[in-house]
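Right, one structure below, let's go through it.
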Amino acid sequence: MTPPAPFTNPLATFSGITLSQVLVFLVPFVLAVWVDLRAHRRDKPITLGDAAMWSLVWVVCALLFGLYVAWERTGEQASLYYTGYILEKALAVDNLFAFYLIFKSFGLTQEANQPLQHRILYWGILGAIGLRFVFLGAGAIIVNLSPYVLIAFAAVVLWTVWKMWTAGDDEDEVDYSHHWSVRLVKRFARVNPSIESHRFFDKGATPLFLCLVCIEVCDMIFAFDSMPVIIAVVRDPYLMITSSLWAAAGLRSLYFLLVAAQNRFWALDKAVMLLLVFVSIKLIGAAFHYHLPNSLSLSIVMLILSAGVAWSLLRPPPASRPG
């Protein structure tokens, strides 16, 4: 077997990023986030149509940026960017359903509380964007320290698959209102149990702020599972950061779509597990000089996820089948 690739200077991975490339990403990204925030600044329910429209807007923005990558760099680099984007979206599915359980434990799942969910999610996702800058920046260095890091990341990915498989269809709900992060906040701040003001702080920390803390902690935990996948597959720091942030910025709209259709796409979890097995095999192969073309990897990722969606639509959920 061919031995792993030799050590490379990890800091060299950032040397090819130019100021123009940073600005071409940063300016439209910040503008899109600002427009989305302005469009949803009023406290009103989020309709399915609104969530679908904004999900489409974020997808179009990400696709257009991929065209820029193809023009500025190469088509192979664009395929790598799209792979990272799709992986981030797919891995976010379980995270978003966990957000729903958090909202439920705080009594915020009623339609009248949708504006509050939106506010909490958007501040939570903005916090997640900051975390991803830190995780991905550090990961871009770590992954180039040694080829054996790829094997370690593959082990982490397989462990994630094992956790998903053993969890099965267990729907036991956690009372996040007594989560350790909430108890920690209560030790350092006065808590006001009312949400009437619709504020995070009103004579103390309100349940909205406590819910936001849980969302941030949950996202951080999921990031430790998902970031190794993005880091190890994409490798290029510019592509991994831009693909991950375009995907993260659209999660608020995707959340409302998934909650509305949570019983329709029951097989998507199974597709994600199969996808992670493919990613782990790809990582081990890359450590020993076996590389799939980026366009082929993207096609396999798309095929697996499309099969999960199609199977969900063609077959009823197992719980609703007779017998």
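Following the order of the structure tokens, first chain is A, next is B, and so on, with residues numbered from 1 inside each chain and ligands from 1 in the order they appear.
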
Neighbours of Phe209 in chain A within 10 Å (only C-alpha atoms; same-chain residues fewer than 5 positions away dropped), as a short mmCIF file (atom, residue, chain, number, x, y, z; two decimals) with all heavy atoms, in the first residue's frame?
```
data_model
loop_
_atom_site.label_atom_id
_atom_site.label_comp_id
_atom_site.auth_asym_id
_atom_site.auth_seq_id
_atom_site.Cartn_x
_atom_site.Cartn_y
_atom_site.Cartn_z
N ILE A 120 -34.55 33.95 17.87
CA ILE A 120 -33.57 33.11 18.56
C ILE A 120 -32.68 32.39 17.56
O ILE A 120 -31.45 32.33 17.71
CB ILE A 120 -34.30 32.09 19.46
CG1 ILE A 120 -35.00 32.82 20.61
CG2 ILE A 120 -33.32 31.05 20.00
CD1 ILE A 120 -35.95 31.95 21.39
N VAL A 182 -28.45 26.18 31.03
CA VAL A 182 -29.45 27.06 31.65
C VAL A 182 -29.15 27.23 33.14
O VAL A 182 -29.21 28.34 33.69
CB VAL A 182 -30.87 26.49 31.44
CG1 VAL A 182 -31.89 27.24 32.28
CG2 VAL A 182 -31.25 26.55 29.97
N VAL A 185 -26.35 29.72 33.56
CA VAL A 185 -26.78 31.12 33.41
C VAL A 185 -27.48 31.59 34.68
O VAL A 185 -27.25 32.72 35.15
CB VAL A 185 -27.71 31.28 32.19
CG1 VAL A 185 -28.31 32.68 32.17
CG2 VAL A 185 -26.95 31.03 30.90
N VAL A 191 -33.12 35.66 36.63
CA VAL A 191 -33.97 35.13 35.55
C VAL A 191 -35.40 35.62 35.73
O VAL A 191 -35.98 35.54 36.83
CB VAL A 191 -33.94 33.59 35.54
CG1 VAL A 191 -34.92 33.04 34.52
CG2 VAL A 191 -32.54 33.09 35.26
N ILE A 195 -42.09 35.89 28.99
CA ILE A 195 -41.64 36.19 27.62
C ILE A 195 -42.52 37.26 26.98
O ILE A 195 -42.44 37.50 25.78
CB ILE A 195 -41.67 34.92 26.73
CG1 ILE A 195 -43.11 34.39 26.60
CG2 ILE A 195 -40.73 33.86 27.26
CD1 ILE A 195 -43.24 33.27 25.57
N ARG A 199 -38.21 40.07 24.66
CA ARG A 199 -36.81 40.48 24.74
C ARG A 199 -35.98 39.38 25.39
O ARG A 199 -36.50 38.53 26.13
CB ARG A 199 -36.67 41.77 25.56
CG ARG A 199 -37.36 42.97 24.95
CD ARG A 199 -37.26 44.17 25.88
NE ARG A 199 -37.92 45.34 25.32
CZ ARG A 199 -38.09 46.47 25.98
NH1 ARG A 199 -37.64 46.59 27.23
NH2 ARG A 199 -38.71 47.49 25.40
N PHE A 200 -34.67 39.43 25.12
CA PHE A 200 -33.77 38.48 25.75
C PHE A 200 -33.55 38.83 27.23
O PHE A 200 -33.35 37.94 28.05
CB PHE A 200 -32.44 38.41 25.01
CG PHE A 200 -32.53 37.76 23.66
CD1 PHE A 200 -32.14 38.44 22.52
CD2 PHE A 200 -33.00 36.48 23.52
CE1 PHE A 200 -32.23 37.85 21.27
CE2 PHE A 200 -33.09 35.86 22.28
CZ PHE A 200 -32.70 36.56 21.14
N PHE A 201 -33.53 40.13 27.51
CA PHE A 201 -33.35 40.58 28.89
C PHE A 201 -34.45 41.57 29.24
O PHE A 201 -34.67 42.55 28.52
CB PHE A 201 -31.98 41.25 29.08
CG PHE A 201 -30.82 40.28 28.99
CD1 PHE A 201 -30.17 40.08 27.79
CD2 PHE A 201 -30.40 39.58 30.11
CE1 PHE A 201 -29.12 39.19 27.69
CE2 PHE A 201 -29.34 38.70 30.03
CZ PHE A 201 -28.69 38.49 28.83
N GLY A 204 -33.85 40.94 33.98
CA GLY A 204 -33.19 39.65 34.12
C GLY A 204 -33.25 38.87 32.81
O GLY A 204 -33.87 39.30 31.84
N CYS A 214 -29.07 27.51 24.95
CA CYS A 214 -29.17 26.09 24.61
C CYS A 214 -28.91 25.85 23.12
O CYS A 214 -28.25 24.88 22.74
CB CYS A 214 -30.54 25.54 25.00
SG CYS A 214 -30.73 25.25 26.76
N ILE A 215 -29.46 26.73 22.28
CA ILE A 215 -29.26 26.61 20.83
C ILE A 215 -27.77 26.70 20.50
O ILE A 215 -27.23 25.92 19.70
CB ILE A 215 -30.04 27.71 20.08
CG1 ILE A 215 -31.56 27.49 20.20
CG2 ILE A 215 -29.61 27.79 18.63
CD1 ILE A 215 -32.10 26.35 19.38
#
```

Selected residue, from A:Gln21, A:Leu150, A:Val234, A:Glu216, that lies nearest to Tyr82 in chain A when counting only C-alpha atoms: A:Val234

Measure the distance from CA of Ile281 in chain A to CA of Met220 in chain A in Å and round it to one decimal. 25.3 Å

Kindly give the distance, in Å, that separates CA of Cys61 in chain A and CA of Ile102 in chain A, rounded to a single decimal. 29.2 Å

Figure out the distance between CA of Lys104 in chain A and CA of Leu258 in chain A, please, to one decimal in Å. 15.0 Å

Which neighbours of Val277 in chain A fall inside 10 Å, counting only C-alpha atoms, when residues of the same chain fewer than 2 positions from it are skipped, and could you give them as a ChimeraX atom specification? /A:154,157-158,160-161,271-275,279-283

All helix (DSSP H, G or I) positions in range 50-197 of chain A, as an NGL selection string: :A and (50-72 or 75-105 or 111-142 or 148-167 or 176-178 or 180-188)

Looking at only C-alpha atoms, which of A:Gly285, A:Trp71, A:Leu251, A:Ala267 is the one that sits closest to Leu314 in chain A? A:Ala267

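When only C-alpha atoms are used to compute distances to Pro237 in chain A, the closest of the residues A:Gln77, A:Ser297, A:Ser105, A:Ser312 turns out to be A:Gln77.
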
Would you kindly return, as a list in words, each protein, DNA or RNA residue with an atom no farther than 9 Å from any atom of Phe133 in chain A, considering only C-alpha atoms and excluding same-chain residues fewer than 4 positions away?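 So, after excluding close chain neighbours, the residues are Ala128, Ile129, Gly137, Ala138, Ile241 and Leu245 of chain A.
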
Restricting the calculation to only C-alpha atoms, which member of A:Ser299, A:Thr74, A:Ser177, A:Ser20 is positioned closest to Leu101 in chain A?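 Of A:Ser299, A:Thr74, A:Ser177, A:Ser20, the one nearest Leu101 in chain A, counting only C-alpha atoms, is A:Ser177.
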
Rank A:Arg183, A:Leu212, A:Val60, A:Gly49 by their smallest atom-to-atom distance to Trp123 in chain A, using only C-alpha atoms, and report the top residue only.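 The closest residue to Trp123 in chain A is A:Leu212.
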
Would you mind listing what lies within 8 Å of Arg252 in chain A as a list in words, with only C-alpha atoms counted and same-chain residues fewer than 3 positions away left out?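 The contact residues come out as His118, Leu121, Tyr122, Ile125, Ala249, Tyr255 and Phe256 of chain A.
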
One residue among A:Met53, A:Ala90, A:Ala287, A:Ala78 is nearest to Ile151 in chain A when using only C-alpha atoms, and that residue is A:Ala287

Report as an MDAnalysis selection string all protein, DNA and RNA residues lying within 9 Å of Val24 in chain A, evaluated on only C-alpha atoms, omitting residues in the same chain fewer than 5 positions from it. chainID A and resid 19 29 65 68
